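Shown here: start23.txt, compact mmCIF, C-alpha atoms.
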```txt
# COMPACT_ATOMS: atom_id res chain seq x y z
CA MET A 7 15.93 12.84 6.64
CA ASN A 8 15.76 11.59 10.21
CA THR A 9 13.29 9.11 11.71
CA GLU A 10 10.93 11.81 12.97
CA GLU A 11 10.78 13.40 9.52
CA LEU A 12 10.24 9.99 7.93
CA LEU A 13 7.32 9.23 10.23
CA LYS A 14 5.83 12.68 9.54
CA LEU A 15 6.11 11.95 5.81
CA HIS A 16 4.39 8.61 6.45
CA ASP A 17 1.51 10.29 8.30
CA ASP A 18 1.14 13.03 5.68
CA THR A 19 1.29 10.51 2.84
CA CYS A 20 -1.35 8.27 4.41
CA LYS A 21 -3.70 11.22 4.93
CA ALA A 22 -3.20 12.44 1.37
CA CYS A 23 -3.58 8.94 -0.07
CA ARG A 24 -6.89 8.48 1.73
CA VAL A 25 -8.27 11.68 0.16
CA ILE A 26 -6.97 10.65 -3.26
CA MET A 27 -8.50 7.17 -2.92
CA GLN A 28 -11.85 8.62 -1.96
CA LYS A 29 -11.90 10.92 -5.01
CA LYS A 30 -10.53 8.42 -7.51
CA ASN A 31 -12.78 5.64 -6.24
CA SER A 32 -15.80 7.74 -7.10
CA ASP A 33 -14.41 8.54 -10.55
CA TYR A 34 -13.33 5.00 -11.43
CA THR A 35 -16.24 2.98 -10.06
CA GLY A 36 -19.31 4.72 -11.41
CA GLY A 37 -19.74 7.94 -9.46
CA LYS A 38 -20.90 8.97 -6.02
CA GLY A 39 -23.73 6.45 -5.92
CA ALA A 40 -21.54 3.45 -6.79
CA THR A 41 -21.52 0.61 -4.29
CA ASP A 42 -18.62 -1.56 -5.53
CA PRO A 43 -15.30 0.10 -4.65
CA PHE A 44 -13.49 -2.45 -6.83
CA ALA A 45 -15.71 -2.15 -9.93
CA ASN A 46 -12.95 -0.99 -12.27
CA PHE A 47 -10.63 -3.82 -11.19
CA ASN A 48 -13.41 -6.41 -11.30
CA ALA A 49 -13.94 -5.46 -14.95
CA SER A 50 -10.68 -7.31 -15.70
CA LYS A 51 -12.66 -10.55 -15.27
CA ILE A 52 -14.06 -9.88 -18.76
CA LEU A 53 -10.58 -10.73 -20.05
CA ASP A 54 -10.23 -13.68 -17.67
CA ILE A 55 -7.72 -11.74 -15.54
CA HIS A 56 -7.97 -11.91 -11.75
CA PRO A 57 -8.82 -8.40 -10.47
CA VAL A 58 -5.72 -8.25 -8.26
CA GLN A 59 -3.56 -9.22 -11.22
CA GLY A 60 -5.16 -6.39 -13.19
CA LEU A 61 -4.38 -4.04 -10.32
CA LEU A 62 -0.76 -5.25 -10.24
CA LEU A 63 -0.38 -4.29 -13.91
CA ARG A 64 -1.28 -0.75 -12.91
CA VAL A 65 1.31 -0.88 -10.13
CA ILE A 66 3.90 -1.90 -12.72
CA ASP A 67 2.94 1.19 -14.76
CA LYS A 68 3.66 3.36 -11.72
CA ILE A 69 6.94 1.57 -11.03
CA LYS A 70 7.99 2.18 -14.63
CA ARG A 71 7.20 5.90 -14.24
CA ILE A 72 9.36 6.07 -11.12
CA TYR A 73 12.09 4.10 -12.91
CA SER A 74 11.96 6.57 -15.82
CA PHE A 75 12.21 9.46 -13.38
CA THR A 76 15.30 7.97 -11.71
CA ASN A 77 16.90 7.64 -15.16
CA ASP A 78 15.91 11.02 -16.62
CA SER A 79 15.30 13.22 -13.51
CA GLU A 80 12.01 14.29 -15.07
CA LEU A 81 8.68 12.99 -16.29
CA SER A 82 7.18 13.90 -19.66
CA VAL A 83 3.59 14.19 -18.39
CA PRO A 84 3.48 17.58 -16.69
CA ASN A 85 0.45 17.10 -14.44
CA GLU A 86 1.70 14.03 -12.53
CA THR A 87 4.77 14.04 -10.29
CA VAL A 88 6.93 11.14 -9.20
CA GLU A 89 5.44 11.63 -5.73
CA ASP A 90 1.98 11.14 -7.24
CA ALA A 91 3.15 7.81 -8.67
CA CYS A 92 4.40 6.79 -5.21
CA ASP A 93 1.06 7.75 -3.66
CA ASP A 94 -0.77 5.72 -6.30
CA ILE A 95 1.31 2.66 -5.39
CA VAL A 96 0.37 3.11 -1.73
CA ASN A 97 -3.30 3.18 -2.68
CA TYR A 98 -2.97 0.21 -5.03
CA ALA A 99 -1.39 -1.79 -2.19
CA ILE A 100 -4.31 -0.95 0.10
CA LEU A 101 -6.80 -1.83 -2.63
CA ALA A 102 -5.05 -5.15 -3.30
CA LYS A 103 -5.10 -5.96 0.41
CA ALA A 104 -8.79 -5.09 0.66
CA MET A 105 -9.67 -7.15 -2.41
CA LEU A 106 -7.75 -10.17 -1.13
CA LEU A 107 -9.36 -9.88 2.30
CA GLU A 108 -12.81 -9.64 0.73
CA GLU A 109 -12.06 -12.64 -1.47
CA ARG A 110 -11.28 -14.70 1.63
CA GLY A 111 -14.56 -13.70 3.20
CA SER A 112 -13.97 -11.00 5.77
CA PRO A 113 -11.52 -8.37 6.84
CA LYS A 114 -8.80 -9.86 9.01
CA ARG A 115 -8.61 -8.46 12.50
CA LEU A 116 -5.46 -8.95 14.55
CA THR A 117 -5.80 -10.77 17.83
CA GLU A 118 -4.46 -9.10 20.94
CA GLU A 119 -1.57 -11.59 20.86
CA GLN A 120 -0.71 -10.64 17.26
CA GLU A 121 -0.80 -6.95 18.14
CA LEU A 122 1.59 -7.55 21.06
CA GLU A 123 3.89 -9.57 18.78
CA GLY A 124 3.91 -6.68 16.29
CA GLU A 125 4.72 -4.21 19.04
CA LYS A 126 7.64 -6.44 20.16
CA ARG A 127 9.00 -6.47 16.62
CA ILE A 128 8.71 -2.70 16.32
CA ASP A 129 10.46 -2.27 19.67
CA ILE A 130 13.32 -4.59 18.67
CA ILE A 131 13.68 -2.90 15.28
CA GLY A 132 13.70 0.46 17.06
CA ARG A 133 16.50 -0.68 19.32
CA ASN A 134 18.59 -2.49 16.72
CA GLY A 135 17.62 -1.33 13.26
CA ASN A 136 16.02 -3.53 10.66
CA GLU A 137 18.88 -5.81 9.69
CA GLY A 138 16.85 -9.01 9.85
CA LEU A 139 18.19 -9.84 13.31
CA HIS A 140 14.98 -8.89 15.04
CA TYR A 141 13.21 -12.13 14.09
CA SER A 142 15.73 -14.32 15.91
CA GLN A 143 15.72 -11.90 18.83
CA ILE A 144 11.94 -12.13 19.06
CA GLU A 145 12.15 -15.92 19.15
CA GLN A 146 14.80 -15.74 21.88
CA GLU A 147 12.72 -13.29 23.91
CA ASN A 148 9.58 -15.43 23.47
CA ALA A 149 11.49 -18.49 24.69
CA LYS A 150 12.21 -16.74 28.01
```
Please express the file's structure as structure tokens.
Amino acid sequence: MNTEELLKLHDDTCKACRVIMQKKNSDYTGGKGATDPFANFNASKILDIHPVQGLLLRVIDKIKRIYSFTNDSELSVPNETVEDACDDIVNYAILAKAMLLEERGSPKRLTEEQELEGEKRIDIIGRNGNEGLHYSQIEQENAK
């Protein structure tokens, strides 16, 4: 797989994950009229478990499914693929981020400076690969 194919997979995965999240959110939070997108995770408070910790347990389930697949080259449940497990992890990560942002009070918006910093990092990674060197290079370039 080359970089272009990887980025296409990323785009396709994000689009598919959004559709999946929309459908599952309705199913898991009380139906189409539900107003709390985190209702099923918030239910973990009944057991004195932080909702994000409850969500992370579900991520571990998905990781174990992927782990089993890498060991056995198959999954026993026929209606869920290893790719489905990967998509679920993507959605759990987004849900965890959203829950943590909400817990802190409001969704975090990047400043223009932070966006430019991110673009610099992406540019340096694009030129040099992601070997960890880009952080020191960013600092050197910022010092100029």
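For the pair CA of Asp93 (chain A) and CA of Ala22 (chain A), the separation is 8.1 Å.
Atom pair CA of Leu15 (chain A) / CA of Asp94 (chain A) has a distance of 15.3 Å (rounded to one decimal).
Among the candidates A:Asn8, A:Gln59, A:Thr76, A:Thr35, the residue lying nearest to Tyr98 (chain A) is A:Gln59 (atoms considered: only C-alpha atoms).
Of the listed residues A:Asp90, A:Asp54, A:Asp42, A:Glu118, the one whose atoms come nearest to Met105 (chain A) is A:Asp42, with distances taken using only C-alpha atoms.
The interatomic distance for the pair CA of Val96 (chain A) and CA of Leu12 (chain A) works out to 15.4 Å.
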_Nearest to Val83 (chain A) by atom-to-atom distance, counting all atoms listed in the file, from A:Arg71, A:Met7, A:Lys126, A:Glu119_ = A:Arg71
*So which residues touch Ala102 (chain A) within 9 Å, counting all atoms listed in the file, skipping near sequence neighbours fewer than 2 positions away, as a list in words?*
Pro57, Val58, Leu61, Leu62, Asn97, Tyr98, Ala99, Ile100, Ala104, Met105, Leu106 and Leu107 of chain A
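Across A:Val65, A:Ser82, A:Glu109, A:Lys29, the tightest approach to Asn48 (chain A) is made by A:Glu109 when counting all atoms listed in the file.
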Give, as lines of an AutoDock Vina configuration file, the centre coordinates and the x, y and z edge lengths in Å to one decimal for an axis-aligned box around all listed atoms of region 64-82 of chain A, padded by 4 Å on each side.
```
center_x = 7.8
center_y = 6.2
center_z = -14.9
size_x = 26.2
size_y = 24.2
size_z = 17.5
```
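Checking A:Val88, A:Thr9, A:Tyr34, A:Thr19 one by one against Ala49 (chain A), counting all atoms listed in the file, you find the shortest gap at A:Tyr34.
Of the residues under consideration (A:Ile55, A:Ala45, A:Cys92, A:Cys20), A:Cys92 shows the shortest atom-to-atom contact distance to Tyr73 (chain A) when counting only C-alpha atoms.
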Would you output region 46-127 of chain A from that structure, restricted to C-alpha atoms, as an mmCIF file, in the first residue's frame?
```
data_model
loop_
_atom_site.group_PDB
_atom_site.id
_atom_site.type_symbol
_atom_site.label_atom_id
_atom_site.label_comp_id
_atom_site.auth_asym_id
_atom_site.auth_seq_id
_atom_site.Cartn_x
_atom_site.Cartn_y
_atom_site.Cartn_z
ATOM 1 C CA ASN A 46 -24.976 3.948 27.271
ATOM 2 C CA PHE A 47 -21.511 4.925 28.532
ATOM 3 C CA ASN A 48 -22.913 7.179 31.256
ATOM 4 C CA ALA A 49 -24.801 4.146 32.566
ATOM 5 C CA SER A 50 -21.449 2.844 33.843
ATOM 6 C CA LYS A 51 -21.734 5.427 36.641
ATOM 7 C CA ILE A 52 -24.230 3.037 38.270
ATOM 8 C CA LEU A 53 -21.236 0.787 38.976
ATOM 9 C CA ASP A 54 -19.061 3.733 40.017
ATOM 10 C CA ILE A 55 -17.045 3.461 36.785
ATOM 11 C CA HIS A 56 -16.105 6.634 34.912
ATOM 12 C CA PRO A 57 -17.885 6.565 31.519
ATOM 13 C CA VAL A 58 -14.615 6.847 29.585
ATOM 14 C CA GLN A 59 -13.199 3.929 31.556
ATOM 15 C CA GLY A 60 -16.294 1.929 30.628
ATOM 16 C CA LEU A 61 -15.732 2.864 27.003
ATOM 17 C CA LEU A 62 -12.084 1.782 27.237
ATOM 18 C CA LEU A 63 -13.200 -1.676 28.365
ATOM 19 C CA ARG A 64 -15.119 -1.956 25.113
ATOM 20 C CA VAL A 65 -12.008 -0.884 23.194
ATOM 21 C CA ILE A 66 -10.103 -3.680 24.923
ATOM 22 C CA ASP A 67 -12.763 -6.130 23.705
ATOM 23 C CA LYS A 68 -12.136 -4.967 20.142
ATOM 24 C CA ILE A 69 -8.368 -5.166 20.576
ATOM 25 C CA LYS A 70 -8.741 -8.742 21.825
ATOM 26 C CA ARG A 71 -10.815 -9.615 18.734
ATOM 27 C CA ILE A 72 -8.099 -8.204 16.476
ATOM 28 C CA TYR A 73 -5.457 -10.040 18.511
ATOM 29 C CA SER A 74 -7.400 -13.301 18.102
ATOM 30 C CA PHE A 75 -7.644 -12.689 14.374
ATOM 31 C CA THR A 76 -3.885 -12.162 14.071
ATOM 32 C CA ASN A 77 -3.349 -15.467 15.893
ATOM 33 C CA ASP A 78 -5.997 -17.566 14.130
ATOM 34 C CA SER A 79 -6.510 -15.759 10.773
ATOM 35 C CA GLU A 80 -10.253 -15.932 11.391
ATOM 36 C CA LEU A 81 -12.973 -14.847 13.779
ATOM 37 C CA SER A 82 -15.614 -17.201 15.160
ATOM 38 C CA VAL A 83 -18.484 -14.688 14.948
ATOM 39 C CA PRO A 84 -19.452 -14.707 11.273
ATOM 40 C CA ASN A 85 -21.247 -11.355 11.038
ATOM 41 C CA GLU A 86 -18.374 -9.138 12.260
ATOM 42 C CA THR A 87 -15.062 -8.777 10.427
ATOM 43 C CA VAL A 88 -11.706 -7.694 11.777
ATOM 44 C CA GLU A 89 -12.195 -4.485 9.787
ATOM 45 C CA ASP A 90 -15.440 -3.899 11.695
ATOM 46 C CA ALA A 91 -13.490 -4.181 14.954
ATOM 47 C CA CYS A 92 -10.995 -1.597 13.658
ATOM 48 C CA ASP A 93 -13.845 0.745 12.690
ATOM 49 C CA ASP A 94 -15.369 0.336 16.143
ATOM 50 C CA ILE A 95 -12.069 1.376 17.734
ATOM 51 C CA VAL A 96 -12.016 4.510 15.558
ATOM 52 C CA ASN A 97 -15.504 5.394 16.749
ATOM 53 C CA TYR A 98 -14.695 4.630 20.384
ATOM 54 C CA ALA A 99 -11.702 6.975 20.156
ATOM 55 C CA ILE A 100 -13.917 9.758 18.808
ATOM 56 C CA LEU A 101 -16.514 9.106 21.502
ATOM 57 C CA ALA A 102 -13.850 9.165 24.223
ATOM 58 C CA LYS A 103 -12.494 12.448 22.878
ATOM 59 C CA ALA A 104 -15.982 13.956 22.770
ATOM 60 C CA MET A 105 -16.800 12.790 26.293
ATOM 61 C CA LEU A 106 -13.543 14.187 27.676
ATOM 62 C CA LEU A 107 -14.076 17.500 25.891
ATOM 63 C CA GLU A 108 -17.617 17.725 27.233
ATOM 64 C CA GLU A 109 -16.397 16.897 30.726
ATOM 65 C CA ARG A 110 -13.989 19.845 30.565
ATOM 66 C CA GLY A 111 -16.792 22.153 29.549
ATOM 67 C CA SER A 112 -16.621 22.795 25.832
ATOM 68 C CA PRO A 113 -15.250 21.428 22.617
ATOM 69 C CA LYS A 114 -11.661 22.524 22.119
ATOM 70 C CA ARG A 115 -11.046 24.608 19.041
ATOM 71 C CA LEU A 116 -7.529 24.995 17.705
ATOM 72 C CA THR A 117 -6.147 28.491 17.473
ATOM 73 C CA GLU A 118 -4.755 29.633 14.153
ATOM 74 C CA GLU A 119 -1.262 29.296 15.656
ATOM 75 C CA GLN A 120 -1.940 25.673 16.670
ATOM 76 C CA GLU A 121 -3.244 24.879 13.194
ATOM 77 C CA LEU A 122 -0.091 26.342 11.630
ATOM 78 C CA GLU A 123 2.061 24.337 14.062
ATOM 79 C CA GLY A 124 0.202 21.167 13.053
ATOM 80 C CA GLU A 125 0.706 21.942 9.376
ATOM 81 C CA LYS A 126 4.460 22.423 10.013
ATOM 82 C CA ARG A 127 4.638 19.032 11.696
#
```
